[in-house]
file data-v6.cif (mmCIF, C-alpha atoms and all ligand atoms)
data_model
loop_
_atom_site.label_atom_id
_atom_site.label_comp_id
_atom_site.auth_asym_id
_atom_site.auth_seq_id
_atom_site.Cartn_x
_atom_site.Cartn_y
_atom_site.Cartn_z
CA MET G 237 39.37 57.91 -39.24
CA ASP G 238 39.30 60.85 -36.83
CA ASP G 239 41.45 63.95 -37.15
CA LYS G 240 44.14 62.71 -34.75
CA ASP G 241 44.70 59.53 -36.78
CA LYS G 242 44.57 61.50 -40.02
CA ILE G 243 47.29 63.88 -38.83
CA ALA G 244 49.51 61.13 -37.39
CA GLU G 245 49.24 59.21 -40.65
CA ALA G 246 50.02 62.34 -42.69
CA VAL G 247 53.16 63.06 -40.65
CA ASP G 248 54.35 59.43 -41.03
CA ALA G 249 53.65 59.47 -44.77
CA TYR G 250 55.52 62.80 -45.14
CA LEU G 251 58.60 61.44 -43.36
CA ARG G 252 58.53 58.29 -45.51
CA ARG G 253 58.07 60.33 -48.71
CA THR G 254 60.88 62.79 -48.00
CA GLY G 255 63.27 60.64 -45.95
CA TYR G 256 63.61 63.43 -43.36
CA ALA G 257 64.12 62.34 -39.73
CA SER G 258 61.55 64.72 -38.28
CA ILE G 259 59.43 67.80 -38.87
CA ASP G 260 60.58 70.85 -36.89
CA LEU G 261 58.26 73.66 -37.94
CA ARG G 262 59.78 77.16 -38.04
CA CYS G 263 57.73 78.90 -40.72
CA ALA G 264 54.56 78.74 -42.76
CA LEU G 265 54.31 79.94 -46.36
CA PHE G 266 50.81 80.97 -47.43
CA ASP G 267 49.63 81.10 -51.02
CA MET G 268 47.61 84.28 -51.68
CA ASP G 269 44.65 83.77 -54.07
CA GLY G 270 42.08 81.37 -52.64
CA VAL G 271 44.02 81.21 -49.34
CA LEU G 272 44.24 84.80 -48.06
CA PHE G 273 41.78 86.41 -50.47
CA ASP G 274 38.53 85.03 -51.91
CA SER G 275 39.73 86.21 -55.28
CA MET G 276 39.48 83.11 -57.45
CA PRO G 277 35.90 83.56 -58.73
CA ARG G 278 36.93 87.01 -60.02
CA HIS G 279 40.24 85.78 -61.40
CA ALA G 280 38.38 83.01 -63.23
CA ALA G 281 35.77 85.41 -64.64
CA SER G 282 38.39 87.96 -65.76
CA TRP G 283 40.54 85.25 -67.36
CA VAL G 284 37.59 83.80 -69.31
CA ARG G 285 36.62 87.29 -70.53
CA VAL G 286 40.11 88.49 -71.57
CA MET G 287 40.89 85.19 -73.30
CA ALA G 288 37.59 85.32 -75.21
CA ASP G 289 38.31 88.94 -76.21
CA ASN G 290 41.61 87.71 -77.69
CA GLY G 291 40.08 84.66 -79.42
CA ILE G 292 41.61 82.13 -77.00
CA GLU G 293 39.49 79.25 -75.67
CA PHE G 294 39.51 79.20 -71.88
CA THR G 295 36.89 78.04 -69.35
CA GLU G 296 36.37 78.74 -65.64
CA GLU G 297 37.51 75.18 -64.90
CA ASP G 298 40.74 75.96 -66.82
CA ALA G 299 41.23 78.92 -64.49
CA TYR G 300 40.94 76.73 -61.38
CA MET G 301 43.04 73.88 -62.80
CA ASN G 302 45.81 76.33 -63.78
CA GLU G 303 45.52 78.51 -60.69
CA GLY G 304 48.99 79.41 -59.41
CA ARG G 305 50.64 79.68 -62.82
CA THR G 306 52.02 83.11 -63.61
CA GLY G 307 49.86 85.22 -65.94
CA ALA G 308 52.33 84.86 -68.83
CA SER G 309 52.49 81.08 -68.41
CA THR G 310 48.68 80.82 -68.34
CA ILE G 311 48.39 82.81 -71.59
CA ARG G 312 51.15 80.79 -73.33
CA MET G 313 49.59 77.48 -72.22
CA ALA G 314 46.12 78.47 -73.47
CA MET G 315 47.44 79.75 -76.83
CA GLU G 316 49.51 76.63 -77.39
CA ARG G 317 46.56 74.39 -76.49
CA CYS G 318 44.27 75.94 -79.10
CA GLY G 319 46.97 75.92 -81.76
CA ARG G 320 47.44 79.69 -81.87
CA GLN G 321 50.74 81.15 -82.98
CA MET G 322 52.66 82.24 -79.90
CA ALA G 323 52.29 85.90 -79.06
CA SER G 324 55.23 88.22 -78.43
CA ASP G 325 56.20 89.15 -74.87
CA GLU G 326 54.61 92.57 -75.44
CA GLU G 327 51.36 90.97 -76.61
CA ILE G 328 51.32 88.69 -73.55
CA LYS G 329 51.93 91.69 -71.27
CA ARG G 330 49.04 93.51 -72.96
CA ILE G 331 46.67 90.55 -72.44
CA TYR G 332 47.71 90.18 -68.77
CA ALA G 333 47.30 93.91 -68.18
CA GLY G 334 43.79 93.62 -69.64
CA LYS G 335 43.05 90.76 -67.25
CA CYS G 336 44.29 92.81 -64.26
CA ASP G 337 42.14 95.79 -65.33
CA LEU G 338 39.03 93.58 -65.52
CA PHE G 339 39.85 92.11 -62.09
CA ASN G 340 40.41 95.53 -60.50
CA ALA G 341 37.12 96.82 -61.93
CA MET G 342 35.29 94.15 -59.90
CA GLY G 343 35.97 96.03 -56.65
CA GLU G 344 37.60 95.03 -53.39
CA THR G 345 38.05 91.30 -52.80
CA ARG G 346 36.99 89.73 -49.48
CA THR G 347 39.43 87.79 -47.36
CA ILE G 348 38.97 84.01 -46.96
CA ALA G 349 36.98 83.21 -43.81
CA GLY G 350 39.22 82.16 -40.92
CA ALA G 351 42.56 82.85 -42.65
CA ASP G 352 43.34 85.67 -40.18
CA LYS G 353 42.66 83.46 -37.14
CA LEU G 354 44.74 80.65 -38.64
CA ALA G 355 47.67 83.00 -39.24
CA GLN G 356 47.34 84.43 -35.71
CA ALA G 357 47.33 80.92 -34.21
CA MET G 358 50.49 80.05 -36.14
CA ARG G 359 52.21 83.24 -35.01
CA SER G 360 51.39 82.46 -31.40
CA MET G 361 52.97 79.01 -31.94
CA GLY G 362 56.17 80.87 -32.85
CA LEU G 363 56.06 80.32 -36.61
CA ALA G 364 57.32 83.06 -38.94
CA LEU G 365 54.87 83.66 -41.80
CA SER G 366 55.32 84.73 -45.39
CA ILE G 367 53.55 84.48 -48.75
CA VAL G 368 54.43 82.67 -52.00
CA THR G 369 52.19 83.64 -54.91
CA GLY G 370 52.19 83.19 -58.67
CA SER G 371 50.37 86.49 -58.89
CA ALA G 372 51.69 89.93 -59.73
CA GLN G 373 48.32 91.55 -59.00
CA GLN G 374 49.43 94.75 -57.23
CA SER G 375 45.92 95.57 -55.98
CA LEU G 376 45.98 92.44 -53.78
CA LEU G 377 49.68 92.52 -52.84
CA GLN G 378 49.22 96.05 -51.54
CA ARG G 379 46.27 94.98 -49.38
CA ILE G 380 48.09 92.24 -47.43
CA GLU G 381 49.20 94.52 -44.62
CA THR G 382 45.78 96.14 -44.15
CA ALA G 383 43.88 92.83 -44.36
CA TYR G 384 46.41 90.88 -42.24
CA PRO G 385 48.18 93.51 -40.12
CA GLY G 386 51.50 92.48 -38.61
CA LEU G 387 51.15 88.79 -39.49
CA PHE G 388 53.39 88.31 -42.54
CA ASP G 389 57.06 89.17 -43.17
CA LEU G 390 56.40 91.46 -46.13
CA ASP G 391 60.08 91.74 -47.11
CA LYS G 392 60.20 87.97 -47.66
CA ILE G 393 57.21 87.57 -49.97
CA VAL G 394 57.78 85.71 -53.29
CA THR G 395 55.66 86.88 -56.25
CA ALA G 396 55.51 86.09 -59.97
CA LEU G 397 58.14 88.81 -60.49
CA ASP G 398 60.76 86.98 -58.38
CA VAL G 399 60.93 83.60 -60.13
CA ARG G 400 61.98 82.18 -63.48
CA HIS G 401 59.73 79.15 -63.22
CA GLY G 402 56.32 79.62 -61.63
CA LYS G 403 54.17 76.93 -59.96
CA PRO G 404 53.95 73.91 -60.53
CA ASP G 405 57.77 74.24 -60.54
CA PRO G 406 59.05 74.13 -56.93
CA GLU G 407 61.19 77.26 -57.48
CA PRO G 408 58.75 79.70 -55.76
CA TYR G 409 58.50 77.57 -52.60
CA ILE G 410 62.25 76.84 -52.56
CA MET G 411 62.86 80.60 -52.83
CA GLY G 412 60.33 81.20 -50.04
CA GLN G 413 62.19 78.76 -47.78
CA LYS G 414 65.51 80.44 -48.60
CA LYS G 415 64.15 83.89 -47.79
CA MET G 416 62.87 82.57 -44.45
CA GLY G 417 66.17 80.77 -43.74
CA ALA G 418 64.22 77.51 -43.31
CA SER G 419 64.76 73.97 -44.56
CA PRO G 420 61.91 72.00 -46.17
CA TRP G 421 61.28 69.99 -42.96
CA GLN G 422 60.90 73.29 -41.09
CA THR G 423 58.31 74.63 -43.53
CA LEU G 424 54.54 74.25 -43.67
CA VAL G 425 52.75 75.40 -46.83
CA VAL G 426 49.09 76.43 -46.99
CA GLU G 427 47.73 76.01 -50.54
CA ASN G 428 44.36 75.69 -52.28
CA ALA G 429 45.20 74.82 -55.89
CA PRO G 430 46.42 71.67 -57.70
CA LEU G 431 49.53 73.29 -59.24
CA GLY G 432 50.37 75.09 -56.00
CA VAL G 433 50.17 71.83 -54.05
CA GLU G 434 52.38 70.17 -56.67
CA ALA G 435 54.98 72.95 -56.32
CA ALA G 436 54.92 72.84 -52.52
CA ASN G 437 55.18 69.05 -52.42
CA ALA G 438 58.15 69.12 -54.81
CA SER G 439 59.89 71.72 -52.61
CA GLY G 440 59.87 69.18 -49.76
CA ALA G 441 57.63 71.25 -47.46
CA PHE G 442 54.79 69.75 -45.40
CA THR G 443 51.85 70.73 -47.59
CA VAL G 444 48.36 71.45 -46.27
CA ALA G 445 45.58 72.00 -48.82
CA ILE G 446 42.43 73.94 -47.95
CA ASN G 447 39.82 73.32 -50.63
CA THR G 448 38.27 76.79 -50.89
CA GLY G 449 37.19 76.40 -54.53
CA PRO G 450 34.85 74.33 -56.71
CA LEU G 451 37.21 71.45 -57.60
CA ASP G 452 36.93 67.97 -56.07
CA GLY G 453 39.35 67.83 -53.10
CA LYS G 454 40.70 64.54 -54.49
CA VAL G 455 42.69 66.47 -57.10
CA LEU G 456 44.59 68.21 -54.25
CA ILE G 457 45.46 64.86 -52.63
CA ASP G 458 46.46 63.45 -56.04
CA ARG G 459 48.87 66.38 -56.57
CA GLY G 460 50.57 65.63 -53.26
CA ALA G 461 48.82 67.42 -50.38
CA ASP G 462 49.93 65.89 -47.07
CA LEU G 463 46.68 67.00 -45.41
CA LEU G 464 43.37 68.29 -46.80
CA PHE G 465 40.79 70.43 -45.00
CA GLY G 466 37.56 72.04 -46.19
CA THR G 467 37.99 75.31 -44.28
CA MET G 468 40.61 77.41 -42.50
CA ASP G 469 38.79 76.82 -39.19
CA GLU G 470 39.05 73.03 -39.60
CA PHE G 471 42.80 73.35 -40.12
CA ARG G 472 43.15 75.70 -37.14
CA ALA G 473 41.33 73.16 -34.96
CA ALA G 474 43.88 70.54 -36.03
CA LEU G 475 46.93 72.75 -35.32
CA PRO G 476 47.44 71.63 -31.68
CA GLU G 477 47.62 67.99 -32.76
CA LEU G 478 49.97 68.80 -35.63
CA THR G 479 52.13 70.78 -33.20
CA ARG G 480 52.16 67.85 -30.78
CA LEU G 481 53.45 65.49 -33.49
CA THR G 482 56.03 67.94 -34.81
CA LYS G 483 58.47 70.09 -32.94
CA THR G 484 58.10 73.86 -33.10
CA LYS G 485 60.65 76.32 -31.84
CA CA G 501 45.86 79.84 -54.88
#
call {"tool": "encode", "arguments": {"input": "data-v6.cif", "output": "structure tokens", "more": "lines below"}}
Ligand code: CA
result
Amino acid sequence: MDDKDKIAEAVDAYLRRTGYASIDLRCALFDMDGVLFDSMPRHAASWVRVMADNGIEFTEEDAYMNEGRTGASTIRMAMERCGRQMASDEEIKRIYAGKCDLFNAMGETRTIAGADKLAQAMRSMGLALSIVTGSAQQSLLQRIETAYPGLFDLDKIVTALDVRHGKPDPEPYIMGQKKMGASPWQTLVVENAPLGVEAANASGAFTVAINTGPLDGKVLIDRGADLLFGTMDEFRAALPELTRLTKTK
């Protein structure tokens, strides 16, 4: 199946799944880690280390499979799974702060190849862009404007601090749509992680997964990605066809 057929089929399947009459793209919501910044290897390494330091079993694969959860939710999940007595909120904050310190000590994180060109192409199509992240990592949030100047509506970003229920709950993506004044059928999400895809799918948005990490791409389709690409450039090449099959303002 070539890209044109793949995209046409994805649009049809989306309309069947959601019951919406059409897709009329107005905005795109980007996830941050693994989509804008190549930060996941360092997140995974700092999670494994801080969990081990606190006697909690946690592997790199756990980090990728739980990517998108808030820090507190990740710690609670891992403690519960290994039968540890649940820590207090203060204890959880201390562990997450330790994880952030380890991450920050690893130096500046590179951007994901092609994410800037993809965002620029979407802006020139007339889409408004914002970010929905389960992270509260200030070192990355503060770098968005320097790494991606003028591309994202910074006052409409959703972070871990804004939501009660993090990914895989749809709340972050529903809040992102609200902040942008967009309905689900007007929203495209760019995600890289299983739980993020699950959250985006459940919010009703058209969900595109870019597999920038080590997991099998099948897991992203299984969690509800409408389209899957291996790189940002591959998705950017498919944008004209997606635009042709959907209306944009
Ligand atoms: Ca991510």
call {"tool": "closest_residue", "arguments": {"input": "data-v6.cif", "among": "G:Ala396, G:Leu463, G:Val368, G:Val455", "to": "ligand CA 501 (chain G)", "atoms": "all atoms listed in the file"}}
result
G:Val368
call {"tool": "atom_distance", "arguments": {"input": "data-v6.cif", "atom1": "atom CA of Gly343 of chain G", "atom2": "atom CA of Arg285 of chain G"}}
result
16.4 Å
call {"tool": "residues_around", "arguments": {"input": "data-v6.cif", "residues": "segment 313-319 of chain G", "least_positions_apart": "5", "cutoff": "10 Å", "atoms": "all atoms listed in the file", "output": "ChimeraX atom specification"}}
result
/G:287,290-294,298,302,305,307-308
call {"tool": "residues_near_ligand", "arguments": {"input": "data-v6.cif", "ligand": "ligand CA 501 (chain G)", "cutoff": "7 Å", "atoms": "only C-alpha atoms and all ligand atoms", "output": "tab-separated table (two decimals) with C-alpha atoms, in the coordinates of the input"}}
result
chain	number	residue	atom	x	y	z
G	267	ASP	CA	49.63	81.10	-51.02
G	268	MET	CA	47.61	84.28	-51.68
G	269	ASP	CA	44.65	83.77	-54.07
G	270	GLY	CA	42.08	81.37	-52.64
G	271	VAL	CA	44.02	81.21	-49.34
G	303	GLU	CA	45.52	78.51	-60.69
G	304	GLY	CA	48.99	79.41	-59.41
G	427	GLU	CA	47.73	76.01	-50.54
G	428	ASN	CA	44.36	75.69	-52.28
G	429	ALA	CA	45.20	74.82	-55.89
G	432	GLY	CA	50.37	75.09	-56.00
call {"tool": "closest_residue", "arguments": {"input": "data-v6.cif", "among": "G:Ser366, G:Thr482, G:Ser309, G:Ser419", "to": "Phe388 of chain G", "atoms": "all atoms listed in the file"}}
result
G:Ser366
call {"tool": "closest_residue", "arguments": {"input": "data-v6.cif", "among": "G:Ala436, G:Ala357, G:Leu261, G:Ala383", "to": "Leu475 of chain G", "atoms": "only C-alpha atoms"}}
result
G:Ala357
call {"tool": "atom_distance", "arguments": {"input": "data-v6.cif", "atom1": "atom CA of Thr448 of chain G", "atom2": "atom CA of Gly466 of chain G"}}
result
6.7 Å
call {"tool": "atom_distance", "arguments": {"input": "data-v6.cif", "atom1": "atom CA of Ala244 of chain G", "atom2": "atom CA of Ile259 of chain G"}}
result
12.0 Å
call {"tool": "closest_residue", "arguments": {"input": "data-v6.cif", "among": "G:Asp241, G:Thr306, G:Phe442, G:Phe339", "to": "His401 of chain G", "atoms": "all atoms listed in the file"}}
result
G:Thr306
call {"tool": "closest_residue", "arguments": {"input": "data-v6.cif", "among": "G:Ile311, G:Met358, G:Glu407, G:Met276", "to": "Glu296 of chain G", "atoms": "all atoms listed in the file"}}
result
G:Met276
call {"tool": "decode", "arguments": {"input": "data-v6.cif", "residues": "segment 238-383 of chain G", "atoms": "C-alpha atoms", "output": "PDB file, in the first residue's frame"}}
result
ATOM      1  CA  ASP G 238       1.504   3.372  -0.911  1.00  0.00           C
ATOM      2  CA  ASP G 239       1.305   6.474   1.256  1.00  0.00           C
ATOM      3  CA  LYS G 240      -1.726   7.914  -0.558  1.00  0.00           C
ATOM      4  CA  ASP G 241      -3.791   4.776   0.057  1.00  0.00           C
ATOM      5  CA  LYS G 242      -2.529   4.573   3.636  1.00  0.00           C
ATOM      6  CA  ILE G 243      -3.649   8.136   4.360  1.00  0.00           C
ATOM      7  CA  ALA G 244      -7.027   7.770   2.621  1.00  0.00           C
ATOM      8  CA  GLU G 245      -7.679   4.590   4.591  1.00  0.00           C
ATOM      9  CA  ALA G 246      -6.636   6.264   7.860  1.00  0.00           C
ATOM     10  CA  VAL G 247      -9.013   9.190   7.290  1.00  0.00           C
ATOM     11  CA  ASP G 248     -11.901   6.806   6.479  1.00  0.00           C
ATOM     12  CA  ALA G 249     -11.150   4.664   9.534  1.00  0.00           C
ATOM     13  CA  TYR G 250     -10.987   7.791  11.752  1.00  0.00           C
ATOM     14  CA  LEU G 251     -14.392   9.015  10.535  1.00  0.00           C
ATOM     15  CA  ARG G 252     -15.896   5.551  11.091  1.00  0.00           C
ATOM     16  CA  ARG G 253     -14.329   5.281  14.567  1.00  0.00           C
ATOM     17  CA  THR G 254     -15.456   8.710  15.762  1.00  0.00           C
ATOM     18  CA  GLY G 255     -18.695   9.165  13.799  1.00  0.00           C
ATOM     19  CA  TYR G 256     -17.620  12.691  12.787  1.00  0.00           C
ATOM     20  CA  ALA G 257     -18.755  13.908   9.348  1.00  0.00           C
ATOM     21  CA  SER G 258     -15.374  15.292   8.325  1.00  0.00           C
ATOM     22  CA  ILE G 259     -11.937  16.372   9.483  1.00  0.00           C
ATOM     23  CA  ASP G 260     -11.398  20.145   9.340  1.00  0.00           C
ATOM     24  CA  LEU G 261      -7.907  20.711  10.730  1.00  0.00           C
ATOM     25  CA  ARG G 262      -7.375  23.939  12.680  1.00  0.00           C
ATOM     26  CA  CYS G 263      -4.622  23.010  15.124  1.00  0.00           C
ATOM     27  CA  ALA G 264      -1.928  20.488  15.925  1.00  0.00           C
ATOM     28  CA  LEU G 265      -0.958  19.479  19.457  1.00  0.00           C
ATOM     29  CA  PHE G 266       2.595  18.190  19.802  1.00  0.00           C
ATOM     30  CA  ASP G 267       3.799  15.981  22.621  1.00  0.00           C
ATOM     31  CA  MET G 268       7.212  17.146  23.912  1.00  0.00           C
ATOM     32  CA  ASP G 269       9.551  14.280  24.924  1.00  0.00           C
ATOM     33  CA  GLY G 270      10.432  12.069  21.967  1.00  0.00           C
ATOM     34  CA  VAL G 271       8.577  14.439  19.600  1.00  0.00           C
ATOM     35  CA  LEU G 272      10.219  17.866  20.023  1.00  0.00           C
ATOM     36  CA  PHE G 273      13.248  16.793  22.059  1.00  0.00           C
ATOM     37  CA  ASP G 274      15.340  13.623  21.805  1.00  0.00           C
ATOM     38  CA  SER G 275      15.064  13.348  25.557  1.00  0.00           C
ATOM     39  CA  MET G 276      13.730   9.835  26.093  1.00  0.00           C
ATOM     40  CA  PRO G 277      17.066   7.969  26.363  1.00  0.00           C
ATOM     41  CA  ARG G 278      18.031  10.360  29.181  1.00  0.00           C
ATOM     42  CA  HIS G 279      14.621  10.203  30.830  1.00  0.00           C
ATOM     43  CA  ALA G 280      14.826   6.398  30.746  1.00  0.00           C
ATOM     44  CA  ALA G 281      18.353   6.354  32.201  1.00  0.00           C
ATOM     45  CA  SER G 282      17.499   8.854  34.959  1.00  0.00           C
ATOM     46  CA  TRP G 283      14.305   6.970  35.856  1.00  0.00           C
ATOM     47  CA  VAL G 284      16.137   3.622  36.105  1.00  0.00           C
ATOM     48  CA  ARG G 285      18.827   5.194  38.315  1.00  0.00           C
ATOM     49  CA  VAL G 286      16.523   7.104  40.702  1.00  0.00           C
ATOM     50  CA  MET G 287      14.192   4.118  41.087  1.00  0.00           C
ATOM     51  CA  ALA G 288      17.145   1.815  41.843  1.00  0.00           C
ATOM     52  CA  ASP G 289      18.461   4.340  44.394  1.00  0.00           C
ATOM     53  CA  ASN G 290      15.060   4.132  46.117  1.00  0.00           C
ATOM     54  CA  GLY G 291      14.827   0.319  45.938  1.00  0.00           C
ATOM     55  CA  ILE G 292      12.113   0.295  43.248  1.00  0.00           C
ATOM     56  CA  GLU G 293      12.370  -2.120  40.311  1.00  0.00           C
ATOM     57  CA  PHE G 294      12.188  -0.266  37.005  1.00  0.00           C
ATOM     58  CA  THR G 295      13.724  -1.018  33.588  1.00  0.00           C
ATOM     59  CA  GLU G 296      14.393   1.129  30.512  1.00  0.00           C
ATOM     60  CA  GLU G 297      11.539  -0.670  28.750  1.00  0.00           C
ATOM     61  CA  ASP G 298       9.262   0.368  31.654  1.00  0.00           C
ATOM     62  CA  ALA G 299      10.308   3.959  30.984  1.00  0.00           C
ATOM     63  CA  TYR G 300       9.295   3.742  27.316  1.00  0.00           C
ATOM     64  CA  MET G 301       6.076   1.825  27.980  1.00  0.00           C
ATOM     65  CA  ASN G 302       5.025   4.380  30.632  1.00  0.00           C
ATOM     66  CA  GLU G 303       6.298   7.425  28.756  1.00  0.00           C
ATOM     67  CA  GLY G 304       3.774  10.259  29.017  1.00  0.00           C
ATOM     68  CA  ARG G 305       2.631   9.486  32.554  1.00  0.00           C
ATOM     69  CA  THR G 306       3.272  12.263  35.041  1.00  0.00           C
ATOM     70  CA  GLY G 307       6.301  11.728  37.297  1.00  0.00           C
ATOM     71  CA  ALA G 308       4.119  11.104  40.364  1.00  0.00           C
ATOM     72  CA  SER G 309       1.984   8.558  38.503  1.00  0.00           C
ATOM     73  CA  THR G 310       5.092   6.730  37.244  1.00  0.00           C
ATOM     74  CA  ILE G 311       6.495   6.467  40.787  1.00  0.00           C
ATOM     75  CA  ARG G 312       3.158   5.296  42.257  1.00  0.00           C
ATOM     76  CA  MET G 313       2.715   2.699  39.499  1.00  0.00           C
ATOM     77  CA  ALA G 314       6.230   1.291  39.993  1.00  0.00           C
ATOM     78  CA  MET G 315       5.901   1.153  43.806  1.00  0.00           C
ATOM     79  CA  GLU G 316       2.525  -0.547  43.611  1.00  0.00           C
ATOM     80  CA  ARG G 317       3.834  -3.068  41.068  1.00  0.00           C
ATOM     81  CA  CYS G 318       6.694  -4.212  43.302  1.00  0.00           C
ATOM     82  CA  GLY G 319       4.473  -4.372  46.373  1.00  0.00           C
ATOM     83  CA  ARG G 320       6.054  -1.397  48.142  1.00  0.00           C
ATOM     84  CA  GLN G 321       4.044   0.584  50.652  1.00  0.00           C
ATOM     85  CA  MET G 322       2.865   3.773  48.978  1.00  0.00           C
ATOM     86  CA  ALA G 323       5.066   6.774  49.637  1.00  0.00           C
ATOM     87  CA  SER G 324       3.750  10.111  50.891  1.00  0.00           C
ATOM     88  CA  ASP G 325       3.273  13.001  48.461  1.00  0.00           C
ATOM     89  CA  GLU G 326       6.440  14.581  49.894  1.00  0.00           C
ATOM     90  CA  GLU G 327       8.410  11.377  49.318  1.00  0.00           C
ATOM     91  CA  ILE G 328       7.150  11.180  45.731  1.00  0.00           C
ATOM     92  CA  LYS G 329       8.111  14.828  45.158  1.00  0.00           C
ATOM     93  CA  ARG G 330      11.589  14.077  46.525  1.00  0.00           C
ATOM     94  CA  ILE G 331      12.044  11.091  44.188  1.00  0.00           C
ATOM     95  CA  TYR G 332      10.825  13.096  41.154  1.00  0.00           C
ATOM     96  CA  ALA G 333      13.103  16.003  42.047  1.00  0.00           C
ATOM     97  CA  GLY G 334      16.001  13.521  42.186  1.00  0.00           C
ATOM     98  CA  LYS G 335      15.045  12.245  38.740  1.00  0.00           C
ATOM     99  CA  CYS G 336      14.947  15.809  37.339  1.00  0.00           C
ATOM    100  CA  ASP G 337      18.380  16.567  38.863  1.00  0.00           C
ATOM    101  CA  LEU G 338      19.882  13.458  37.229  1.00  0.00           C
ATOM    102  CA  PHE G 339      18.290  14.425  33.901  1.00  0.00           C
ATOM    103  CA  ASN G 340      19.542  18.015  34.079  1.00  0.00           C
ATOM    104  CA  ALA G 341      23.071  16.838  34.899  1.00  0.00           C
ATOM    105  CA  MET G 342      23.162  15.043  31.517  1.00  0.00           C
ATOM    106  CA  GLY G 343      23.444  18.371  29.674  1.00  0.00           C
ATOM    107  CA  GLU G 344      21.413  19.961  26.904  1.00  0.00           C
ATOM    108  CA  THR G 345      19.061  17.655  24.997  1.00  0.00           C
ATOM    109  CA  ARG G 346      19.029  17.675  21.177  1.00  0.00           C
ATOM    110  CA  THR G 347      15.852  18.343  19.245  1.00  0.00           C
ATOM    111  CA  ILE G 348      14.258  15.517  17.229  1.00  0.00           C
ATOM    112  CA  ALA G 349      15.418  15.614  13.598  1.00  0.00           C
ATOM    113  CA  GLY G 350      12.858  17.246  11.316  1.00  0.00           C
ATOM    114  CA  ALA G 351      10.429  18.363  14.054  1.00  0.00           C
ATOM    115  CA  ASP G 352      11.149  22.046  13.284  1.00  0.00           C
ATOM    116  CA  LYS G 353      10.469  21.612   9.557  1.00  0.00           C
ATOM    117  CA  LEU G 354       7.283  19.668  10.302  1.00  0.00           C
ATOM    118  CA  ALA G 355       6.032  22.411  12.629  1.00  0.00           C
ATOM    119  CA  GLN G 356       6.937  25.098  10.065  1.00  0.00           C
ATOM    120  CA  ALA G 357       5.058  23.210   7.326  1.00  0.00           C
ATOM    121  CA  MET G 358       1.976  22.979   9.552  1.00  0.00           C
ATOM    122  CA  ARG G 359       2.146  26.689  10.368  1.00  0.00           C
ATOM    123  CA  SER G 360       2.301  27.541   6.690  1.00  0.00           C
ATOM    124  CA  MET G 361      -0.834  25.382   6.199  1.00  0.00           C
ATOM    125  CA  GLY G 362      -2.548  27.726   8.663  1.00  0.00           C
ATOM    126  CA  LEU G 363      -2.603  25.391  11.669  1.00  0.00           C
ATOM    127  CA  ALA G 364      -2.165  26.832  15.173  1.00  0.00           C
ATOM    128  CA  LEU G 365       0.345  24.783  17.191  1.00  0.00           C
ATOM    129  CA  SER G 366       0.644  23.990  20.863  1.00  0.00           C
ATOM    130  CA  ILE G 367       2.142  21.357  23.161  1.00  0.00           C
ATOM    131  CA  VAL G 368       0.575  18.769  25.494  1.00  0.00           C
ATOM    132  CA  THR G 369       3.089  17.069  27.770  1.00  0.00           C
ATOM    133  CA  GLY G 370       2.988  14.857  30.844  1.00  0.00           C
ATOM    134  CA  SER G 371       6.275  16.414  31.856  1.00  0.00           C
ATOM    135  CA  ALA G 372       6.976  19.150  34.371  1.00  0.00           C
ATOM    136  CA  GLN G 373      10.670  19.257  33.428  1.00  0.00           C
ATOM    137  CA  GLN G 374      11.336  23.015  33.519  1.00  0.00           C
ATOM    138  CA  SER G 375      14.705  22.716  31.764  1.00  0.00           C
ATOM    139  CA  LEU G 376      12.934  21.494  28.599  1.00  0.00           C
ATOM    140  CA  LEU G 377       9.795  23.643  28.873  1.00  0.00           C
ATOM    141  CA  GLN G 378      11.984  26.730  29.061  1.00  0.00           C
ATOM    142  CA  ARG G 379      13.860  25.719  25.902  1.00  0.00           C
ATOM    143  CA  ILE G 380      10.808  25.429  23.621  1.00  0.00           C
ATOM    144  CA  GLU G 381      10.950  29.024  22.430  1.00  0.00           C
ATOM    145  CA  THR G 382      14.689  28.975  21.712  1.00  0.00           C
ATOM    146  CA  ALA G 383      14.585  25.561  19.990  1.00  0.00           C
TER     147      ALA G 383
END
